[in-house]
Structure formats: structure tokens, C-alpha cells
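Reproduced below: coords16.csv, with CSV, C-alpha atoms and all ligand atoms.
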chain,number,residue,atom,x,y,z
A,1,MET,CA,-74.8,23.7,27.6
A,2,LYS,CA,-71.1,23.8,26.8
A,3,HIS,CA,-69.9,21.3,24.2
A,4,SER,CA,-67.0,20.2,26.4
A,5,LYS,CA,-69.6,18.9,28.8
A,6,PHE,CA,-71.2,16.6,26.3
A,7,GLY,CA,-70.3,12.9,26.1
A,8,ILE,CA,-68.5,11.8,22.9
A,9,ASN,CA,-71.6,10.2,21.2
A,10,THR,CA,-73.6,13.4,21.9
A,11,ILE,CA,-70.8,15.5,20.3
A,12,CYS,CA,-70.8,13.1,17.3
A,13,THR,CA,-74.6,13.3,16.9
A,14,HIS,CA,-75.4,16.8,17.7
A,15,VAL,CA,-72.6,19.4,17.8
A,16,GLY,CA,-72.4,21.3,14.6
A,17,GLU,CA,-75.9,20.5,13.3
A,18,VAL,CA,-77.4,23.2,11.1
A,19,THR,CA,-80.9,23.7,12.6
A,20,ASP,CA,-83.7,23.4,10.1
A,21,GLU,CA,-85.6,26.5,11.2
A,22,GLN,CA,-88.0,26.4,8.3
A,23,PHE,CA,-89.3,22.9,8.4
A,24,LYS,CA,-88.0,21.5,11.7
A,25,GLY,CA,-86.5,18.5,10.0
A,26,ALA,CA,-84.3,16.1,12.0
A,27,VAL,CA,-81.1,16.6,10.0
A,28,SER,CA,-79.1,19.5,8.8
A,29,PRO,CA,-80.4,21.1,5.5
A,30,ILE,CA,-77.8,21.4,2.8
A,31,TYR,CA,-76.9,24.9,1.6
A,32,LEU,CA,-75.5,24.5,-1.9
A,33,SER,CA,-75.5,28.2,-2.7
A,34,THR,CA,-72.2,29.6,-3.9
A,35,SER,CA,-73.8,33.1,-4.0
A,36,TYR,CA,-75.0,34.9,-0.8
A,37,GLU,CA,-76.4,38.4,0.0
A,38,PHE,CA,-73.5,40.8,0.2
A,39,GLU,CA,-75.2,44.0,1.7
A,40,GLY,CA,-76.3,44.3,5.3
A,41,VAL,CA,-75.2,40.9,6.4
A,42,ASP,CA,-72.9,40.0,9.3
A,43,VAL,CA,-70.9,37.4,7.4
A,44,LYS,CA,-70.1,37.7,3.7
A,45,ARG,CA,-70.4,34.1,2.7
A,46,TYR,CA,-68.6,32.3,-0.1
A,47,PRO,CA,-67.6,28.6,-0.2
A,48,ARG,CA,-63.9,29.2,-0.6
A,49,TYR,CA,-64.0,31.3,2.5
A,50,PHE,CA,-65.0,28.2,4.5
A,51,ASN,CA,-68.1,30.0,5.7
A,52,THR,CA,-71.1,28.5,4.1
A,53,PRO,CA,-73.6,27.2,6.7
A,54,ASN,CA,-72.6,23.6,6.4
A,55,GLN,CA,-68.9,24.2,6.5
A,56,GLU,CA,-69.2,26.7,9.4
A,57,HIS,CA,-71.2,24.2,11.5
A,58,LEU,CA,-69.4,21.0,10.9
A,59,VAL,CA,-66.1,22.4,12.1
A,60,LYS,CA,-67.6,22.8,15.5
A,61,LYS,CA,-68.0,19.0,15.7
A,62,ILE,CA,-64.4,18.4,14.7
A,63,ALA,CA,-63.1,21.1,17.1
A,64,ALA,CA,-65.2,19.6,20.0
A,65,LEU,CA,-63.9,16.1,19.3
A,66,GLU,CA,-60.3,17.3,19.2
A,67,HIS,CA,-60.7,19.3,22.4
A,68,THR,CA,-59.9,22.6,20.8
A,69,GLU,CA,-61.5,25.9,19.7
A,70,GLY,CA,-61.5,25.8,15.9
A,71,ALA,CA,-61.2,23.7,12.8
A,72,LEU,CA,-61.3,23.9,9.0
A,73,ILE,CA,-62.4,21.3,6.5
A,74,PHE,CA,-60.7,20.7,3.2
A,75,GLY,CA,-61.2,18.8,-0.1
A,76,SER,CA,-58.7,16.2,1.0
A,77,GLY,CA,-56.2,15.3,3.7
A,78,MET,CA,-53.4,16.6,1.5
A,79,ALA,CA,-55.2,19.9,1.0
A,80,ALA,CA,-55.4,20.3,4.8
A,81,LEU,CA,-51.8,19.3,5.3
A,82,SER,CA,-50.4,21.5,2.5
A,83,ALA,CA,-52.4,24.5,3.7
A,84,MET,CA,-51.0,24.0,7.2
A,85,PHE,CA,-47.4,23.6,6.0
A,86,LEU,CA,-47.6,26.6,3.7
A,87,THR,CA,-49.1,28.8,6.4
A,88,PHE,CA,-46.3,28.2,8.9
A,89,LEU,CA,-43.4,27.6,6.6
A,90,LYS,CA,-42.0,30.2,4.2
A,91,SER,CA,-38.9,30.4,2.1
A,92,GLY,CA,-35.8,29.9,4.3
A,93,ASP,CA,-37.7,28.1,7.1
A,94,HIS,CA,-37.1,24.6,8.2
A,95,LEU,CA,-39.4,21.7,9.1
A,96,VAL,CA,-38.5,18.7,11.3
A,97,VAL,CA,-40.6,15.8,10.2
A,98,GLN,CA,-40.9,12.2,11.3
A,99,ASN,CA,-39.2,9.7,9.0
A,100,THR,CA,-42.1,7.2,9.1
A,101,LEU,CA,-44.6,9.4,7.3
A,102,TYR,CA,-47.7,8.8,5.1
A,103,GLY,CA,-46.3,8.4,1.6
A,104,GLY,CA,-48.3,11.3,0.1
A,105,ALA,CA,-47.1,13.7,2.8
A,106,SER,CA,-43.5,12.6,2.3
A,107,HIS,CA,-43.8,13.1,-1.5
A,108,PHE,CA,-45.3,16.6,-1.0
A,109,ILE,CA,-42.4,17.6,1.2
A,110,ARG,CA,-39.7,16.2,-1.0
A,111,GLU,CA,-41.2,17.4,-4.3
A,112,GLU,CA,-42.8,20.7,-3.5
A,113,PHE,CA,-40.8,22.2,-0.6
A,114,PRO,CA,-37.6,22.8,-2.7
A,115,LYS,CA,-39.7,24.9,-5.2
A,116,TYR,CA,-40.6,27.2,-2.3
A,117,GLY,CA,-37.2,27.3,-0.7
A,118,ILE,CA,-38.4,25.5,2.4
A,119,GLU,CA,-35.9,23.3,4.1
A,120,PHE,CA,-36.7,20.0,5.9
A,121,THR,CA,-35.1,17.2,7.8
A,122,PHE,CA,-36.6,13.7,8.1
A,123,THR,CA,-35.7,12.3,11.5
A,124,ASP,CA,-33.6,9.2,11.9
A,125,GLY,CA,-36.1,7.6,14.3
A,126,TYR,CA,-39.2,8.5,16.3
A,127,ASP,CA,-37.7,9.1,19.8
A,128,VAL,CA,-38.0,12.7,21.1
A,129,SER,CA,-34.1,12.8,20.9
A,130,ASP,CA,-34.4,12.2,17.2
A,131,PHE,CA,-36.6,15.2,16.8
A,132,GLU,CA,-34.3,17.3,19.0
A,133,ALA,CA,-31.2,16.3,17.0
A,134,ALA,CA,-32.9,17.5,13.8
A,135,ILE,CA,-33.8,21.0,15.0
A,136,GLN,CA,-31.9,23.8,13.1
A,137,PRO,CA,-31.7,27.5,13.9
A,138,ASN,CA,-34.4,28.2,11.2
A,139,THR,CA,-36.8,25.4,12.3
A,140,LYS,CA,-40.4,26.6,12.6
A,141,LEU,CA,-42.5,23.4,12.9
A,142,ILE,CA,-42.2,19.8,14.1
A,143,HIS,CA,-44.6,17.4,12.4
A,144,ILE,CA,-45.3,13.9,13.7
A,145,GLU,CA,-47.5,10.9,12.8
A,146,THR,CA,-48.5,8.4,15.5
A,147,PRO,CA,-49.4,5.6,15.2
A,148,SER,CA,-47.4,5.4,12.0
A,149,ASN,CA,-48.1,3.6,8.8
A,150,PRO,CA,-47.6,0.7,8.3
A,151,LEU,CA,-45.7,-0.6,11.4
A,152,LEU,CA,-47.7,1.3,14.1
A,153,THR,CA,-44.8,2.9,15.8
A,154,ILE,CA,-45.7,5.3,18.6
A,155,THR,CA,-44.2,8.8,19.0
A,156,ASP,CA,-44.3,10.5,22.4
A,157,ILE,CA,-46.8,13.2,21.7
A,158,GLU,CA,-46.3,15.1,25.0
A,159,GLY,CA,-42.5,14.8,24.7
A,160,VAL,CA,-42.5,16.3,21.2
A,161,ALA,CA,-44.9,19.0,22.1
A,162,LYS,CA,-42.7,20.0,25.1
A,163,LEU,CA,-39.6,19.9,22.9
A,164,ALA,CA,-41.3,22.2,20.4
A,165,LYS,CA,-42.4,24.7,23.1
A,166,ALA,CA,-38.9,24.7,24.6
A,167,HIS,CA,-37.5,25.8,21.2
A,168,ASN,CA,-40.4,28.2,20.5
A,169,LEU,CA,-41.6,26.0,17.6
A,170,LEU,CA,-45.1,24.9,16.5
A,171,SER,CA,-46.0,21.2,16.6
A,172,SER,CA,-48.4,19.4,14.4
A,173,ILE,CA,-49.7,15.8,14.2
A,174,ASP,CA,-51.3,13.6,11.6
A,175,ASN,CA,-54.0,12.1,13.8
A,176,THR,CA,-55.7,10.1,11.0
A,177,PHE,CA,-54.8,6.5,12.2
A,178,ALA,CA,-56.1,7.0,15.7
A,179,SER,CA,-59.0,9.3,15.0
A,180,PRO,CA,-60.2,11.7,17.7
A,181,ILE,CA,-62.0,8.8,19.4
A,182,ASN,CA,-58.7,7.1,20.3
A,183,GLN,CA,-56.3,10.1,20.5
A,184,THR,CA,-56.7,13.8,21.3
A,185,PRO,CA,-53.2,15.3,20.9
A,186,ILE,CA,-54.2,18.8,21.9
A,187,ASP,CA,-54.5,17.5,25.5
A,188,PHE,CA,-50.7,16.8,25.4
A,189,GLY,CA,-49.8,20.3,24.1
A,190,ILE,CA,-49.7,19.7,20.3
A,191,ASP,CA,-50.7,22.9,18.4
A,192,ILE,CA,-52.3,21.6,15.2
A,193,VAL,CA,-54.1,18.3,14.5
A,194,MET,CA,-54.5,17.2,10.9
A,195,HIS,CA,-56.9,14.5,9.6
A,196,SER,CA,-57.4,12.7,6.3
A,197,ALA,CA,-61.2,12.7,6.8
A,198,THR,CA,-61.3,10.3,3.9
A,199,LYS,CA,-60.5,7.7,6.6
A,200,TYR,CA,-62.2,7.3,10.0
A,201,LEU,CA,-64.1,10.6,10.0
A,202,GLY,CA,-65.8,9.7,6.8
A,203,GLY,CA,-65.6,6.0,7.6
A,204,HIS,CA,-67.6,4.6,4.7
A,205,SER,CA,-65.0,4.7,1.9
A,206,ASP,CA,-67.1,7.2,-0.1
A,207,ILE,CA,-65.8,10.7,0.9
A,208,LEU,CA,-62.5,12.5,0.1
A,209,ALA,CA,-61.9,15.2,2.7
A,210,GLY,CA,-59.5,16.6,5.2
A,211,ALA,CA,-59.5,18.6,8.4
A,212,LEU,CA,-57.3,20.8,10.6
A,213,ALA,CA,-58.1,21.5,14.3
A,214,ALA,CA,-56.3,24.1,16.5
A,215,SER,CA,-56.8,27.2,18.6
A,216,ASP,CA,-58.9,30.0,17.0
A,217,GLU,CA,-55.8,32.0,16.6
A,218,LEU,CA,-53.9,29.4,14.6
A,219,ILE,CA,-57.0,28.4,12.6
A,220,GLY,CA,-57.3,32.1,11.8
A,221,GLU,CA,-53.8,32.2,10.4
A,222,ILE,CA,-54.4,29.0,8.3
A,223,TRP,CA,-57.7,30.5,7.0
A,224,HIS,CA,-55.9,33.5,5.6
A,225,VAL,CA,-53.6,31.2,3.5
A,226,ALA,CA,-56.1,28.4,2.8
A,227,LYS,CA,-58.7,30.7,1.2
A,228,ASN,CA,-56.0,31.6,-1.4
A,229,PHE,CA,-55.2,28.0,-2.2
A,230,GLY,CA,-58.8,27.2,-2.5
A,231,GLY,CA,-58.8,23.5,-1.4
A,232,ASN,CA,-62.3,23.5,-0.1
A,233,LEU,CA,-64.8,20.7,0.2
A,234,SER,CA,-68.1,20.9,-1.6
A,235,ASP,CA,-71.0,21.5,0.7
A,236,PHE,CA,-72.7,18.4,-0.5
A,237,THR,CA,-69.7,16.4,0.7
A,238,VAL,CA,-69.6,18.5,3.9
A,239,TRP,CA,-73.1,17.3,4.6
A,240,MET,CA,-72.1,13.7,3.9
A,241,LEU,CA,-69.2,14.0,6.3
A,242,GLU,CA,-71.5,15.4,9.0
A,243,ARG,CA,-73.8,12.5,8.6
A,244,SER,CA,-70.9,10.0,8.7
A,245,MET,CA,-69.5,11.6,11.8
A,246,LYS,CA,-72.7,11.0,13.8
A,247,THR,CA,-71.6,7.3,14.1
A,248,LEU,CA,-67.8,8.0,14.4
A,249,ALA,CA,-67.5,7.0,18.0
A,250,LEU,CA,-69.8,4.0,17.6
A,251,ARG,CA,-67.9,2.8,14.6
A,252,VAL,CA,-64.4,3.4,15.8
A,253,LYS,CA,-65.1,1.8,19.2
A,254,VAL,CA,-66.3,-1.4,17.6
A,255,GLN,CA,-63.4,-1.4,15.1
A,256,THR,CA,-60.9,-0.9,18.0
A,257,LYS,CA,-62.4,-3.7,20.0
A,258,ASN,CA,-62.3,-6.0,17.0
A,259,ALA,CA,-58.7,-5.0,16.3
A,260,ARG,CA,-57.6,-5.8,19.8
A,261,LYS,CA,-59.2,-9.3,19.6
A,262,LEU,CA,-57.7,-10.0,16.2
A,263,ALA,CA,-54.3,-8.8,17.2
A,264,LYS,CA,-54.3,-11.3,20.1
A,265,TYR,CA,-55.6,-14.0,17.9
A,266,LEU,CA,-53.0,-13.4,15.1
A,267,ASP,CA,-50.2,-13.1,17.7
A,268,LYS,CA,-50.9,-16.7,18.8
A,269,HIS,CA,-51.4,-18.0,15.3
A,270,PRO,CA,-48.6,-20.5,14.1
A,271,ASP,CA,-48.7,-19.0,10.5
A,272,VAL,CA,-48.0,-15.5,11.8
A,273,LYS,CA,-44.5,-14.5,12.7
A,274,GLN,CA,-45.2,-11.0,14.2
A,275,VAL,CA,-48.0,-8.6,14.9
A,276,TYR,CA,-47.6,-4.9,15.1
A,277,TYR,CA,-50.3,-3.4,17.3
A,278,PRO,CA,-49.9,-0.9,20.1
A,279,GLY,CA,-52.5,-2.7,22.2
A,280,LEU,CA,-50.3,-5.8,22.5
A,281,LYS,CA,-48.1,-5.9,25.6
A,282,ALA,CA,-45.2,-7.0,23.5
A,283,HIS,CA,-45.4,-3.8,21.4
A,284,PRO,CA,-42.2,-1.8,22.3
A,285,GLN,CA,-44.2,1.4,23.1
A,286,HIS,CA,-47.2,-0.3,24.6
A,287,LYS,CA,-47.0,1.8,27.8
A,288,LEU,CA,-46.6,5.0,25.9
A,289,ALA,CA,-49.6,4.1,23.7
A,290,LYS,CA,-51.6,3.4,26.9
A,291,LYS,CA,-50.7,6.8,28.3
A,292,GLN,CA,-51.6,8.9,25.2
A,293,MET,CA,-54.3,6.9,23.5
A,294,HIS,CA,-57.9,6.4,24.7
A,295,GLY,CA,-58.0,3.2,22.7
A,296,PHE,CA,-55.3,1.4,20.6
A,297,GLY,CA,-57.0,2.0,17.3
A,298,ALA,CA,-58.2,-0.3,14.5
A,299,MET,CA,-55.1,-0.4,12.3
A,300,MET,CA,-52.5,-3.2,12.6
A,301,SER,CA,-49.9,-5.0,10.6
A,302,PHE,CA,-48.7,-8.6,10.7
A,303,VAL,CA,-46.0,-10.7,9.2
A,304,LEU,CA,-46.8,-14.2,7.8
A,305,ARG,CA,-44.4,-17.0,8.6
A,306,ASP,CA,-41.5,-17.5,6.1
A,307,GLY,CA,-42.8,-19.0,2.8
A,308,LEU,CA,-46.2,-17.4,3.0
A,309,GLU,CA,-46.5,-14.5,0.6
A,310,SER,CA,-48.8,-11.6,1.6
A,311,LEU,CA,-50.3,-11.3,-1.8
A,312,LYS,CA,-51.2,-15.0,-2.0
A,313,PHE,CA,-52.9,-14.7,1.4
A,314,GLN,CA,-54.7,-11.5,0.3
A,315,LYS,CA,-56.1,-13.3,-2.8
A,316,GLN,CA,-57.5,-16.1,-0.7
A,317,LEU,CA,-59.6,-13.8,1.5
A,318,GLN,CA,-63.3,-13.8,0.7
A,319,LEU,CA,-64.9,-11.3,3.1
A,320,ILE,CA,-61.9,-9.0,3.8
A,321,LYS,CA,-61.3,-6.9,0.8
A,322,SER,CA,-58.0,-5.7,-0.7
A,323,SER,CA,-57.8,-2.0,-0.7
A,324,MET,CA,-55.4,0.9,-1.1
A,325,SER,CA,-57.2,2.9,1.5
A,326,LEU,CA,-58.3,2.3,5.0
A,327,ALA,CA,-60.6,3.0,7.9
A,328,GLY,CA,-64.0,2.1,6.3
A,329,VAL,CA,-66.6,0.1,8.2
A,330,GLU,CA,-65.5,-2.8,6.0
A,331,SER,CA,-62.2,-4.7,6.9
A,332,THR,CA,-59.5,-4.3,4.3
A,333,VAL,CA,-55.9,-5.4,3.8
A,334,LEU,CA,-53.0,-4.4,1.6
A,335,SER,CA,-49.4,-5.5,1.0
A,336,PRO,CA,-47.2,-2.5,1.6
A,337,TYR,CA,-44.4,-3.9,-0.5
A,338,LEU,CA,-46.7,-3.7,-3.6
A,339,THR,CA,-48.3,-0.3,-2.7
A,340,SER,CA,-47.0,2.4,-0.4
A,341,HIS,CA,-43.4,1.1,-0.6
A,342,ALA,CA,-43.3,-0.3,-4.1
A,343,LEU,CA,-40.8,2.3,-5.3
A,344,LEU,CA,-38.2,1.1,-2.8
A,345,THR,CA,-35.7,-1.7,-3.6
A,346,GLN,CA,-36.1,-5.0,-1.8
A,347,GLU,CA,-33.0,-4.2,0.2
A,348,GLU,CA,-34.4,-0.8,1.3
A,349,ARG,CA,-37.7,-2.4,2.2
A,350,ASP,CA,-36.0,-5.1,4.3
A,351,ALA,CA,-34.0,-2.5,6.1
A,352,ILE,CA,-37.2,-0.8,7.4
A,353,GLY,CA,-39.2,-4.0,8.0
A,354,ILE,CA,-41.4,-4.0,4.9
A,355,SER,CA,-41.1,-7.6,3.8
A,356,ASN,CA,-43.1,-9.5,1.2
A,357,GLN,CA,-44.9,-11.3,4.2
A,358,LEU,CA,-46.2,-8.0,5.7
A,359,ILE,CA,-49.9,-7.3,5.6
A,360,ARG,CA,-51.5,-4.0,6.7
A,361,PHE,CA,-54.9,-4.6,8.2
A,362,SER,CA,-57.7,-2.0,8.6
A,363,VAL,CA,-60.2,-3.7,10.9
A,364,GLY,CA,-63.9,-3.0,10.2
A,365,ILE,CA,-67.1,-3.5,12.2
A,366,GLU,CA,-68.0,-7.0,11.0
A,367,SER,CA,-68.7,-9.8,13.5
A,368,ILE,CA,-65.4,-10.9,14.9
A,369,LYS,CA,-66.1,-14.6,14.3
A,370,ASP,CA,-66.6,-14.0,10.6
A,371,LEU,CA,-63.3,-12.1,10.3
A,372,LYS,CA,-61.5,-14.8,12.1
A,373,ALA,CA,-63.1,-17.5,9.9
A,374,ASP,CA,-62.0,-15.6,6.8
A,375,ILE,CA,-58.4,-15.3,7.9
A,376,GLU,CA,-58.4,-19.0,9.0
A,377,GLN,CA,-59.6,-20.3,5.7
A,378,ALA,CA,-57.2,-18.0,3.7
A,379,LEU,CA,-54.2,-19.2,5.7
A,380,LYS,CA,-55.4,-22.8,5.3
A,381,ASN,CA,-55.7,-22.4,1.5
A,382,ILE,CA,-52.3,-20.9,0.8
A,383,THR,CA,-50.4,-23.5,2.8
A,401,LIG,C1,-54.9,9.0,3.5
A,401,LIG,C2,-53.9,9.7,4.4
A,401,LIG,C3,-53.5,11.0,4.2
A,401,LIG,C4,-53.9,11.8,2.9
A,401,LIG,O1,-55.2,12.0,2.9
A,401,LIG,P1,-56.1,12.2,1.5
A,401,LIG,O2,-57.5,12.4,2.1
A,401,LIG,O3,-55.9,11.0,0.7
A,401,LIG,O4,-55.6,13.5,0.9
A,401,LIG,C5,-52.7,11.6,5.1
A,401,LIG,N1,-52.3,10.9,6.2
A,401,LIG,C6,-52.6,9.6,6.4
A,401,LIG,C7,-52.1,8.9,7.7
A,401,LIG,C8,-53.5,9.0,5.6
A,401,LIG,O5,-53.9,7.7,5.8
Would you give me this structure, written as C-alpha cells?
Amino acid sequence: MKHSKFGINTICTHVGEVTDEQFKGAVSPIYLSTSYEFEGVDVKRYPRYFNTPNQEHLVKKIAALEHTEGALIFGSGMAALSAMFLTFLKSGDHLVVQNTLYGGASHFIREEFPKYGIEFTFTDGYDVSDFEAAIQPNTKLIHIETPSNPLLTITDIEGVAKLAKAHNLLSSIDNTFASPINQTPIDFGIDIVMHSATKYLGGHSDILAGALAASDELIGEIWHVAKNFGGNLSDFTVWMLERSMKTLALRVKVQTKNARKLAKYLDKHPDVKQVYYPGLKAHPQHKLAKKQMHGFGAMMSFVLRDGLESLKFQKQLQLIKSSMSLAGVESTVLSPYLTSHALLTQEERDAIGISNQLIRFSVGIESIKDLKADIEQALKNIT
């Protein structure tokens, strides 16, 4: 049976299993060998070549979920992203990249690209016209991130993919926030999908990993470069990731449903000034999100009313934890003005909507009534 015929939960559970031929166990055995037979074998296996049994199998699950042929897994999201950038960009080339970008990716571009002589332009906005305006004669790649962090802006995936094709450029997307359960950008013509698997794919806040998914041809090109950089994931963690991904669709669907309910609840709350969630009709790109997402995701941000500081609110929460990261089964919050955007001045932050009242919310799988009760008591206790 072809993988593409399977339903999403079947892909999560079964595609990419390593069959236990020897003992017929229910789960994939872990192959921790770093040393494999060299003579008379079809595949010369070595972990850094991405071809140990666990690595080779798990990528099938990721490729199937992203509606494409191939994938590679890495030691972190940044290892995946840097391998992708440094495969398709060389000295003298130019990258067009969305201005609202994950902080680590933005630092990588600003700090490392100049050393390699790679040029880049951060767009002024996230309309297709902003990407078009940034294209140079030496542009090779357009990289987007949607929904974005922390204000959940939506970029037109199909529009950017078409723009890239019209200019003979490659296009790539950071699909971490949506996960393949809520968004499959290859369907809209994007060439390369990147994930911080540390987030939804792992989903339990205990794995650092990354992934790229694309056609076999593009994955082959990335492979040639990535094996030189050596940012592989240990096979033990590969196995943990496979185990986590069995429940990916189950988790993300519950998280998405919770997020939608909480967004509506917060939107009506007198202590909340604004909610940023693509699932709300009032979101400026709600229609676009509806067109390109299977679900609106489980990330949102909201602004407390004037006088209520996000950090004080955060400290009152009892069930919902404060966390730098996101996408675990547990609900977490952070204050972007103290974390991702701490290095900006207050003025710079205000200009891009990162106020001291803004809270980023990664919604977990907990019972919705308990999440609401926690938010309610926290708001009551800071006022
Ligand atoms: C966390 C994150 C990354 C970086 O991934 P690491 O696994 O920390 O290297 C990239 N993009 C987004 C959107 C992220 O949330």
C-alpha cells in the first residue's frame, strides 16, 4: 500500500518503523552501531551519512507527513536550517528572507552569512510584494516563516512559491509553528520544508532535533553538504523522535482545538486587549490561513489590558508553566519583551508590537476547563 493512501494517524503510527525481524517486537529496535560491515553490502552505513537504520526509516514518516519524497533529520532545527542555507547559497549569492523570523535563524543569517560572503535582504513586510521587492539579480532562495513568532502573521505560501518559480528561485519555509498536521507547504509549491523537531514533532519538551523535507533531488543535494557539516542526530534520539511522532496528529489536533477555544475566550475577556490567533475571524489574514492551513495551530499571543504586566500575570499562573520553548504537551507562556526581543530597545519593541503586556502562549493538551481556570485566577490575582 502506498504511504500517500494512509490516513494521517496511520502515517504517524506506522510509516518509517524499523521492523523487528529477529524478535517480532511491536516497536522499532534501536541500532546504536557507529560501525557497519563495509564489504559486500548495498549501503555503506555510517551515522554521519544519515543512513543508519533508525535515521533511514524515520525520514519516511516525515516525508509522508509533508507530502514529499525525501527528508533528513538533524541534531537541531538550526543544524537543519544551516545545512539547507549552505547547500543552496554560496559566496556571492543572495537570500530573500522574511523580516519576522525565528530569532536564532535571524542571528545565524546576520552573524554567519557575512563570513561566507552570502548576501541577504530581510523583507519590509510579509506580503508577496515585499518578497518581490527584495529580489536581486543574484538571489537564489526565498525563505519564509508562517505563522510567525510571536504575532502569528500569515504569509501567502502559494503566492511566494509562485513568485520564486517565476524568478527561477528556490523557496523554503520554517513550518515549525504549524507542524505538518496543520500545514503542508509542498502542496502549495514550496520546495523545502524545515522543522525544529524540538517543538511539535518531538512534542514532549525532551528532544533537540531538526528536519528538512523536499524532493529526492533536493534532499540529495542537501545530503552532500550536510554530511560534511556533521550535524546529525544520535540514533537514540532518532528512536525517541519516532516514538513521539506516533502521537503527533493526536496531540496537535487536541492542542489546536484547545487553542481555538482559548483564543475565543481570551478575545472576549475584559482584561485582554488583543488576541493574535489566525483562527479568529478578526485576524487580518484569517481567510488566507483558512486556505493554506488544515488547522489554525496551537500557538497564539495576547495583550493584557493597560496596567497589567505580562510578567506579573506569568508569575500568578499555577498550572501553565513559564518556558523559553514551545509546543510540548504542557501549556507554556513567555513574555517576548524579556526573551526573544530582550535585546531591542523599548521603542524598537513598541514599533513592532512587542509590548510589556504581550504574552506568547503555547497551548497544550490539558483539559480546557483547567486552563481557563488557571488564566482566570491569575488575572484575578494581579488586578
Ligand atoms: C525553536 C525554533 C527553531 C530552532 O530550532 P532548534 O531545534 O532550537 O535548533 C527554528 N524555528 C522555529 C520557528 C523555532 O521555534
Within 9 Å of ligand LIG 401 (chain A), counting all atoms listed in the file, residues as a PyMOL selection string: chain A and resi 74-81+101-105+145-149+174-177+194-199+207-210+325-327
Atom pair CA of Phe236 (chain A) + CA of Ile73 (chain A), distance 12.8 Å
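Atom pair CA of Gly203 (chain A) / CA of Val59 (chain A) has a distance of 17.0 Å (rounded to one decimal).
In this model, the gap between CA of Val15 (chain A) and CA of Lys61 (chain A) comes to 5.1 Å.
Minimum distance to Leu201 (chain A) across A:Ala164, A:Ala263, A:Leu65, A:Ala133 (counting all atoms listed in the file) occurs at A:Leu65.
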Residues near Ile320 (chain A), cut-off 10 Å, all atoms listed in the file, skip fewer than 5 positions along chain, as number ranges by chain: A: 314-315, 330-333, 361-364, 366, 370-371, 374-375
When you look at region 305-311 of chain A with a cut-off of 9 Å (counting all atoms listed in the file), what residues show up, excluding the ones that are within fewer than 5 positions of it in the same chain? I need them as a PDB file with C-alpha atoms, keeping the file's coordinate frame.
ATOM      1  CA  PRO A 270     -48.600 -20.500  14.100  1.00  0.00           C
ATOM      2  CA  ASP A 271     -48.700 -19.000  10.500  1.00  0.00           C
ATOM      3  CA  VAL A 272     -48.000 -15.500  11.800  1.00  0.00           C
ATOM      4  CA  LYS A 273     -44.500 -14.500  12.700  1.00  0.00           C
ATOM      5  CA  GLN A 274     -45.200 -11.000  14.200  1.00  0.00           C
ATOM      6  CA  GLN A 316     -57.500 -16.100  -0.700  1.00  0.00           C
ATOM      7  CA  LEU A 334     -53.000  -4.400   1.600  1.00  0.00           C
ATOM      8  CA  SER A 335     -49.400  -5.500   1.000  1.00  0.00           C
ATOM      9  CA  LEU A 338     -46.700  -3.700  -3.600  1.00  0.00           C
ATOM     10  CA  SER A 355     -41.100  -7.600   3.800  1.00  0.00           C
ATOM     11  CA  ASN A 356     -43.100  -9.500   1.200  1.00  0.00           C
ATOM     12  CA  GLN A 357     -44.900 -11.300   4.200  1.00  0.00           C
ATOM     13  CA  LEU A 358     -46.200  -8.000   5.700  1.00  0.00           C
ATOM     14  CA  ILE A 359     -49.900  -7.300   5.600  1.00  0.00           C
ATOM     15  CA  LEU A 379     -54.200 -19.200   5.700  1.00  0.00           C
ATOM     16  CA  ILE A 382     -52.300 -20.900   0.800  1.00  0.00           C
ATOM     17  CA  THR A 383     -50.400 -23.500   2.800  1.00  0.00           C
TER      18      THR A 383
END
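Of the listed residues (A:Ala64, A:Leu58, A:Leu280, A:Ala134), A:Ala134 comes nearest to Val97 (chain A); the distances count all atoms listed in the file.
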Distance query Lys165 (chain A) at most 12 Å, all atoms listed in the file, self and fewer than 2 positions along chain excluded, as a ChimeraX atom specification: /A:132,140-142,158-163,167-172,188-191
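Nearest residue to Tyr265 (chain A), choosing from A:Val225, A:Ile368, A:Ile11, A:Val193 and counting only C-alpha atoms: A:Ile368.
Comparing A:Ile219, A:Glu119, A:Asn258, A:Ser106 by their smallest distance to Ile144 (chain A), the closest is A:Ser106 (using only C-alpha atoms).
Distances from A:Cys12, A:Val41, A:Leu151, A:Ile173 to Lys246 (chain A) were compared using all atoms listed in the file, and the smallest one belongs to A:Cys12.
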